[in-house]
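Undergrad: Contents of model_25.cif (mmCIF, C-alpha atoms) are below:
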```cif
data_entry
#
loop_
_atom_site.group_PDB
_atom_site.id
_atom_site.type_symbol
_atom_site.label_atom_id
_atom_site.label_comp_id
_atom_site.auth_asym_id
_atom_site.auth_seq_id
_atom_site.Cartn_x
_atom_site.Cartn_y
_atom_site.Cartn_z
ATOM 1 C CA MET A 1 6.024 -12.381 -5.544
ATOM 2 C CA ARG A 2 4.464 -15.200 -3.553
ATOM 3 C CA VAL A 3 5.589 -15.561 0.063
ATOM 4 C CA SER A 4 5.087 -18.512 2.379
ATOM 5 C CA MET A 5 5.765 -17.593 5.981
ATOM 6 C CA ASP A 6 5.703 -19.680 9.158
ATOM 7 C CA ILE A 7 4.950 -17.504 12.159
ATOM 8 C CA GLU A 8 4.467 -18.191 15.852
ATOM 9 C CA LEU A 9 1.600 -16.615 17.784
ATOM 10 C CA LYS A 10 0.972 -16.275 21.495
ATOM 11 C CA ASP A 11 -2.173 -18.101 22.606
ATOM 12 C CA ILE A 12 -4.202 -14.987 23.344
ATOM 13 C CA PRO A 13 -7.222 -13.547 21.494
ATOM 14 C CA GLY A 14 -6.502 -11.223 18.563
ATOM 15 C CA GLN A 15 -3.055 -12.556 17.643
ATOM 16 C CA LEU A 16 -4.091 -13.985 14.262
ATOM 17 C CA LEU A 17 -5.721 -10.699 13.277
ATOM 18 C CA LEU A 18 -2.605 -8.839 14.449
ATOM 19 C CA ALA A 19 -0.464 -11.104 12.240
ATOM 20 C CA LEU A 20 -2.618 -10.639 9.132
ATOM 21 C CA ARG A 21 -2.996 -6.878 9.415
ATOM 22 C CA PRO A 22 0.461 -6.002 7.944
ATOM 23 C CA VAL A 23 -0.255 -8.105 4.850
ATOM 24 C CA SER A 24 -3.400 -6.045 4.279
ATOM 25 C CA GLU A 25 -1.798 -2.709 5.204
ATOM 26 C CA PHE A 26 0.972 -3.189 2.658
ATOM 27 C CA LYS A 27 -1.395 -4.259 -0.134
ATOM 28 C CA GLY A 28 -0.670 -7.984 0.060
ATOM 29 C CA ASN A 29 -3.118 -10.533 -1.304
ATOM 30 C CA LEU A 30 -3.740 -13.312 1.212
ATOM 31 C CA ILE A 31 -3.775 -16.780 -0.405
ATOM 32 C CA SER A 32 -4.073 -19.113 2.605
ATOM 33 C CA VAL A 33 -3.834 -19.325 6.372
ATOM 34 C CA VAL A 34 -3.198 -22.597 8.173
ATOM 35 C CA HIS A 35 -3.677 -22.125 11.896
ATOM 36 C CA HIS A 36 -2.471 -25.097 13.983
ATOM 37 C CA HIS A 37 -4.213 -24.132 17.236
ATOM 38 C CA GLU A 38 -4.008 -27.653 18.641
ATOM 39 C CA LYS A 39 -0.207 -27.755 18.236
ATOM 40 C CA ARG A 40 2.464 -25.908 20.171
ATOM 41 C CA THR A 41 6.063 -25.047 19.321
ATOM 42 C CA PRO A 42 8.822 -25.788 21.867
ATOM 43 C CA ARG A 43 8.387 -22.148 22.959
ATOM 44 C CA GLY A 44 4.688 -22.724 23.697
ATOM 45 C CA THR A 45 3.464 -20.627 20.761
ATOM 46 C CA ILE A 46 0.944 -21.606 18.092
ATOM 47 C CA PRO A 47 2.394 -22.296 14.628
ATOM 48 C CA VAL A 48 0.635 -20.579 11.721
ATOM 49 C CA GLN A 49 1.522 -20.715 8.046
ATOM 50 C CA ILE A 50 0.424 -17.809 5.863
ATOM 51 C CA VAL A 51 0.815 -17.562 2.108
ATOM 52 C CA PHE A 52 0.355 -14.239 0.352
ATOM 53 C CA GLU A 53 1.350 -12.288 -2.719
ATOM 54 C CA THR A 54 2.967 -8.892 -2.446
ATOM 55 C CA LYS A 55 5.226 -6.542 -4.324
ATOM 56 C CA PRO A 56 8.888 -7.233 -3.528
ATOM 57 C CA ASP A 57 9.290 -3.690 -2.138
ATOM 58 C CA ASN A 58 6.629 -4.352 0.534
ATOM 59 C CA LEU A 59 8.017 -7.579 2.018
ATOM 60 C CA ASN A 60 10.504 -5.900 4.371
ATOM 61 C CA SER A 61 7.768 -3.572 5.654
ATOM 62 C CA ILE A 62 5.512 -6.547 6.381
ATOM 63 C CA ILE A 63 8.337 -8.343 8.210
ATOM 64 C CA SER A 64 9.191 -5.227 10.236
ATOM 65 C CA SER A 65 5.561 -4.725 11.196
ATOM 66 C CA LEU A 66 5.270 -8.337 12.370
ATOM 67 C CA GLU A 67 8.446 -8.020 14.416
ATOM 68 C CA GLU A 68 7.217 -4.750 15.964
ATOM 69 C CA SER A 69 4.036 -6.596 17.001
ATOM 70 C CA ASP A 70 6.221 -9.245 18.704
ATOM 71 C CA ILE A 71 5.164 -11.972 16.270
ATOM 72 C CA GLY A 72 7.850 -14.586 15.797
ATOM 73 C CA ILE A 73 8.844 -15.448 12.235
ATOM 74 C CA ALA A 74 10.196 -18.979 11.991
ATOM 75 C CA ARG A 75 10.601 -19.222 8.206
ATOM 76 C CA ILE A 76 10.160 -17.137 5.064
ATOM 77 C CA ASP A 77 10.158 -18.652 1.602
ATOM 78 C CA GLU A 78 9.584 -16.326 -1.314
ATOM 79 C CA LYS A 79 8.904 -17.208 -4.908
ATOM 80 C CA ARG A 80 9.472 -14.201 -7.036
ATOM 81 C CA TYR A 81 9.339 -15.610 -10.530
ATOM 82 C CA PHE A 82 6.075 -17.029 -11.865
ATOM 83 C CA GLU A 83 6.694 -17.169 -15.617
ATOM 84 C CA HIS A 84 9.153 -19.438 -17.363
ATOM 85 C CA GLY A 85 10.419 -19.402 -20.930
ATOM 86 C CA ALA A 86 13.168 -20.845 -23.047
ATOM 87 C CA VAL A 87 15.030 -19.714 -26.144
ATOM 88 C CA ILE A 88 17.814 -21.094 -28.300
ATOM 89 C CA LEU A 89 20.848 -19.038 -29.297
ATOM 90 C CA ILE A 90 22.979 -19.947 -32.310
ATOM 91 C CA GLY A 91 26.277 -18.332 -33.200
ATOM 92 C CA HIS A 92 29.620 -17.661 -31.573
ATOM 93 C CA ILE A 93 28.079 -17.572 -28.107
ATOM 94 C CA VAL A 94 31.191 -18.039 -25.983
ATOM 95 C CA HIS A 95 33.359 -15.709 -28.089
ATOM 96 C CA THR A 96 30.753 -12.940 -27.764
ATOM 97 C CA ASP A 97 30.780 -13.210 -23.948
ATOM 98 C CA ILE A 98 27.808 -15.306 -22.801
ATOM 99 C CA GLN A 99 28.408 -14.097 -19.234
ATOM 100 C CA ASP A 100 27.717 -10.524 -20.330
ATOM 101 C CA THR A 101 24.486 -11.672 -21.987
ATOM 102 C CA ILE A 102 23.349 -13.523 -18.861
ATOM 103 C CA ASP A 103 24.312 -10.605 -16.587
ATOM 104 C CA THR A 104 22.308 -8.168 -18.709
ATOM 105 C CA ILE A 105 19.154 -10.288 -18.304
ATOM 106 C CA ASP A 106 19.805 -10.946 -14.596
ATOM 107 C CA ASN A 107 20.376 -7.237 -13.891
ATOM 108 C CA THR A 108 16.912 -6.262 -15.105
ATOM 109 C CA GLY A 109 15.490 -7.020 -11.669
ATOM 110 C CA TYR A 110 12.464 -8.708 -13.241
ATOM 111 C CA ALA A 111 14.004 -11.713 -14.994
ATOM 112 C CA GLU A 112 16.945 -14.042 -14.718
ATOM 113 C CA VAL A 113 18.616 -16.827 -16.659
ATOM 114 C CA VAL A 114 18.151 -19.976 -14.570
ATOM 115 C CA ASP A 115 19.622 -22.613 -16.870
ATOM 116 C CA LEU A 116 22.103 -22.745 -19.731
ATOM 117 C CA ASN A 117 22.971 -25.719 -21.937
ATOM 118 C CA LEU A 118 25.769 -25.070 -24.372
ATOM 119 C CA SER A 119 26.988 -27.115 -27.328
ATOM 120 C CA MET A 120 30.289 -26.178 -28.986
ATOM 121 C CA PRO A 121 31.047 -28.482 -31.935
ATOM 122 C CA LYS A 122 34.411 -27.006 -33.042
ATOM 123 C CA ILE A 123 36.381 -23.883 -32.212
ATOM 124 C CA LYS A 124 35.564 -21.984 -35.416
ATOM 125 C CA MET A 125 32.023 -23.368 -35.778
ATOM 126 C CA PRO A 126 28.926 -21.661 -34.408
ATOM 127 C CA SER A 127 27.739 -23.010 -31.094
ATOM 128 C CA SER A 128 24.213 -23.354 -29.782
ATOM 129 C CA ALA A 129 22.739 -22.813 -26.365
ATOM 130 C CA SER A 130 19.371 -23.168 -24.751
ATOM 131 C CA LEU A 131 18.592 -20.563 -22.113
ATOM 132 C CA LYS A 132 15.787 -20.891 -19.607
ATOM 133 C CA ILE A 133 14.547 -17.552 -18.328
ATOM 134 C CA ASP A 134 12.276 -16.947 -15.330
ATOM 135 C CA ALA A 135 10.423 -13.656 -14.912
ATOM 136 C CA VAL A 136 7.993 -11.881 -12.609
ATOM 137 C CA SER A 137 5.163 -11.812 -15.177
ATOM 138 C CA LYS A 138 4.354 -12.699 -18.791
ATOM 139 C CA GLU A 139 4.985 -9.093 -19.771
ATOM 140 C CA HIS A 140 8.375 -9.096 -18.069
ATOM 141 C CA LEU A 141 9.268 -12.415 -19.706
ATOM 142 C CA ALA A 142 8.421 -10.905 -23.099
ATOM 143 C CA SER A 143 10.571 -7.850 -22.234
ATOM 144 C CA ALA A 144 13.488 -10.080 -21.239
ATOM 145 C CA ILE A 145 13.249 -11.985 -24.517
ATOM 146 C CA GLU A 146 13.126 -8.686 -26.454
ATOM 147 C CA LEU A 147 16.219 -7.540 -24.549
ATOM 148 C CA LEU A 148 17.927 -10.828 -25.402
ATOM 149 C CA LYS A 149 17.037 -10.333 -29.077
ATOM 150 C CA ASP A 150 18.591 -6.834 -28.992
ATOM 151 C CA ILE A 151 21.761 -8.240 -27.426
ATOM 152 C CA ALA A 152 21.842 -11.085 -29.961
ATOM 153 C CA LYS A 153 21.521 -8.662 -32.866
ATOM 154 C CA LYS A 154 24.562 -6.700 -31.635
ATOM 155 C CA LYS A 155 26.529 -9.931 -31.169
ATOM 156 C CA ASP A 156 25.385 -11.464 -34.478
ATOM 157 C CA LEU A 157 23.556 -14.329 -32.756
ATOM 158 C CA LEU A 158 20.327 -15.958 -33.895
ATOM 159 C CA VAL A 159 17.513 -16.261 -31.335
ATOM 160 C CA ILE A 160 14.911 -18.971 -31.764
ATOM 161 C CA GLU A 161 11.836 -18.463 -29.618
ATOM 162 C CA PRO A 162 9.248 -21.074 -28.701
ATOM 163 C CA ILE A 163 6.444 -21.444 -31.236
ATOM 164 C CA LYS A 164 3.252 -20.010 -29.796
ATOM 165 C CA SER A 165 -0.217 -21.180 -30.657
ATOM 166 C CA GLU A 166 -3.564 -20.009 -29.374
ATOM 167 C CA LEU A 167 -3.157 -22.570 -26.605
ATOM 168 C CA GLY A 168 0.249 -21.244 -25.526
ATOM 169 C CA ALA A 169 3.796 -22.342 -26.258
ATOM 170 C CA VAL A 170 4.226 -25.605 -28.144
#
```
Using structure tokens, write down the structure from this file.
TA:
Amino acid sequence: MRVSMDIELKDIPGQLLLALRPVSEFKGNLISVVHHHEKRTPRGTIPVQIVFETKPDNLNSIISSLEESDIGIARIDEKRYFEHGAVILIGHIVHTDIQDTIDTIDNTGYAEVVDLNLSMPKIKMPSSASLKIDAVSKEHLASAIELLKDIAKKKDLLVIEPIKSELGAV
């Protein structure tokens, strides 16, 4: 996951290194550091924005380590999902419990349904839905779509995946 964090450092030598050490210790990959030395927060500290990638399991350890070092954390924004995909479902989507289908994808821990558009023409007619799925990686997105195809098979639903070319999805 990618994390953007605004921290506040005391204006003494070694504070920036102290703030970056936990990212390294817990196998994070530093993306950027913006150090606003000329600015001060209302508390008289120096605002610094760091962006890094880390495994979700390591984020709490990084935060705890920063807090133990008396480094103030003003804001944390994490982006866990980097891959996005969409599929179309056709069949009796509502009658076969669309909520169960969504929950199964969401409960994987590596993917989630982030958008659903449903069209229901008549009560006894098949409906169609487009599902947008976000996932941690391309591999996890592919796994989520395979899981959705397994669910669809059991519920007698048709899954239409994006057409892929050598250049990616069309």
Undergrad: Can you list, as a list in words, the residues that the PyMOL selection byres ((chain A and resi 36) around 6) selects here?
TA: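 Taken on the displayed file, the PyMOL selection byres ((chain A and resi 36) around 6) yields the residues His35, His37, Glu38, Lys39, Pro47 and Val48 of chain A.
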Undergrad: Evaluate the PyMOL selection byres ((chain A and resi 92-106) around 10) and record the selected residues as number ranges by chain, following the chain and residue labels used in the document.
TA: A: 89-91, 107-114, 116, 118-120, 123-129, 131, 133-135, 143-145, 147-148, 151-152, 154-158
Undergrad: Please save C-alpha atoms of the selected residues as a short mmCIF file (atom, residue, chain, number, x, y, z; two decimals), in the frame of the given file.
TA:
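Final output, again-v3.cif:
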```cif
data_model
loop_
_atom_site.label_atom_id
_atom_site.label_comp_id
_atom_site.auth_asym_id
_atom_site.auth_seq_id
_atom_site.Cartn_x
_atom_site.Cartn_y
_atom_site.Cartn_z
CA LEU A 89 20.85 -19.04 -29.30
CA ILE A 90 22.98 -19.95 -32.31
CA GLY A 91 26.28 -18.33 -33.20
CA ASN A 107 20.38 -7.24 -13.89
CA THR A 108 16.91 -6.26 -15.10
CA GLY A 109 15.49 -7.02 -11.67
CA TYR A 110 12.46 -8.71 -13.24
CA ALA A 111 14.00 -11.71 -14.99
CA GLU A 112 16.94 -14.04 -14.72
CA VAL A 113 18.62 -16.83 -16.66
CA VAL A 114 18.15 -19.98 -14.57
CA LEU A 116 22.10 -22.74 -19.73
CA LEU A 118 25.77 -25.07 -24.37
CA SER A 119 26.99 -27.12 -27.33
CA MET A 120 30.29 -26.18 -28.99
CA ILE A 123 36.38 -23.88 -32.21
CA LYS A 124 35.56 -21.98 -35.42
CA MET A 125 32.02 -23.37 -35.78
CA PRO A 126 28.93 -21.66 -34.41
CA SER A 127 27.74 -23.01 -31.09
CA SER A 128 24.21 -23.35 -29.78
CA ALA A 129 22.74 -22.81 -26.36
CA LEU A 131 18.59 -20.56 -22.11
CA ILE A 133 14.55 -17.55 -18.33
CA ASP A 134 12.28 -16.95 -15.33
CA ALA A 135 10.42 -13.66 -14.91
CA SER A 143 10.57 -7.85 -22.23
CA ALA A 144 13.49 -10.08 -21.24
CA ILE A 145 13.25 -11.98 -24.52
CA LEU A 147 16.22 -7.54 -24.55
CA LEU A 148 17.93 -10.83 -25.40
CA ILE A 151 21.76 -8.24 -27.43
CA ALA A 152 21.84 -11.08 -29.96
CA LYS A 154 24.56 -6.70 -31.64
CA LYS A 155 26.53 -9.93 -31.17
CA ASP A 156 25.38 -11.46 -34.48
CA LEU A 157 23.56 -14.33 -32.76
CA LEU A 158 20.33 -15.96 -33.90
#
```
Undergrad: Between CA of Ser64 (chain A) and CA of Phe82 (chain A), measure the distance and give it in Å to one decimal.
TA: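 Distance reported for this atom pair: 25.2 Å.
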Undergrad: Between A:Leu9, A:Ile73, A:Ile63, A:Val51, which has the minimum distance to Glu25 (chain A) (counting all atoms listed in the file)?
TA: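 Using all atoms listed in the file, the shortest distance to Glu25 (chain A) belongs to A:Ile63.
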Undergrad: What separation in Å, quoted to one decimal, exists between CA of Met5 (chain A) and CA of Ile50 (chain A)?
TA: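 Atom-to-atom, CA of Met5 (chain A) and CA of Ile50 (chain A) are spaced 5.3 Å apart.
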Undergrad: CA of Lys79 (chain A) and CA of Ser4 (chain A) are how many Å apart?
TA: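 Atom-to-atom, CA of Lys79 (chain A) and CA of Ser4 (chain A) are spaced 8.3 Å apart.
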Undergrad: Let me make sure I understand: among A:Val136, A:Ile31, A:Ile71, A:Leu18, which one has the smallest atom-to-atom distance to Pro56 (chain A) if we use all atoms listed in the file?
TA: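 Ranked by minimum distance to Pro56 (chain A), first place goes to A:Val136.
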Undergrad: Could you give me, as a VMD selection string, the residues within 12 Å of Asn60 (chain A), counting only C-alpha atoms and dropping anything in the same chain fewer than 4 positions from it?
TA: chain A and resid 3 22 to 23 26 54 to 56 64 to 67 76 78
Undergrad: List as a list in words the protein and nucleic acid residues near Glu146 (chain A), meaning an atom at most 12 Å away when all atoms listed in the file are counted, but skip any in the same chain fewer than 4 places from it.
TA: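 Once the nearby chain positions are removed, what remains is Val87, Ile105, Ala111, Glu139, His140, Leu141, Ala142, Asp150, Ile151, Ala152, Lys153, Val159, Ile160 and Glu161 of chain A.
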Undergrad: Now that the selection is made, can you save its residues with C-alpha atoms as a PDB file, in the coordinates of the input?
TA:
```
ATOM      1  CA  VAL A  87      15.030 -19.714 -26.144  1.00  0.00           C
ATOM      2  CA  ILE A 105      19.154 -10.288 -18.304  1.00  0.00           C
ATOM      3  CA  ALA A 111      14.004 -11.713 -14.994  1.00  0.00           C
ATOM      4  CA  GLU A 139       4.985  -9.093 -19.771  1.00  0.00           C
ATOM      5  CA  HIS A 140       8.375  -9.096 -18.069  1.00  0.00           C
ATOM      6  CA  LEU A 141       9.268 -12.415 -19.706  1.00  0.00           C
ATOM      7  CA  ALA A 142       8.421 -10.905 -23.099  1.00  0.00           C
ATOM      8  CA  ASP A 150      18.591  -6.834 -28.992  1.00  0.00           C
ATOM      9  CA  ILE A 151      21.761  -8.240 -27.426  1.00  0.00           C
ATOM     10  CA  ALA A 152      21.842 -11.085 -29.961  1.00  0.00           C
ATOM     11  CA  LYS A 153      21.521  -8.662 -32.866  1.00  0.00           C
ATOM     12  CA  VAL A 159      17.513 -16.261 -31.335  1.00  0.00           C
ATOM     13  CA  ILE A 160      14.911 -18.971 -31.764  1.00  0.00           C
ATOM     14  CA  GLU A 161      11.836 -18.463 -29.618  1.00  0.00           C
TER      15      GLU A 161
END
```
Undergrad: Edge lengths and centre, in Å to one decimal, as lines of an AutoDock Vina configuration file: that's what I need for the box along x, y and z that holds all listed atoms of region 6-18 of chain A plus 8 Å on each side.
TA:
```
center_x = -0.8
center_y = -14.3
center_z = 16.3
size_x = 28.9
size_y = 26.8
size_z = 30.2
```
Undergrad: For a quick check of understanding, using all atoms listed in the file, which of A:Ala74, A:Val33, A:Ile88, A:Ile46 has the smallest distance to Pro162 (chain A)?
TA: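 Counting all atoms listed in the file, the residue closest to Pro162 (chain A) is A:Ile88.
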Undergrad: Which one of A:Thr45, A:Leu59, A:Asn29, A:Arg40 sits closest to Ile12 (chain A) if you count all atoms listed in the file?
TA: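 Looking only at the distances to Ile12 (chain A), the closest residue turns out to be A:Thr45.
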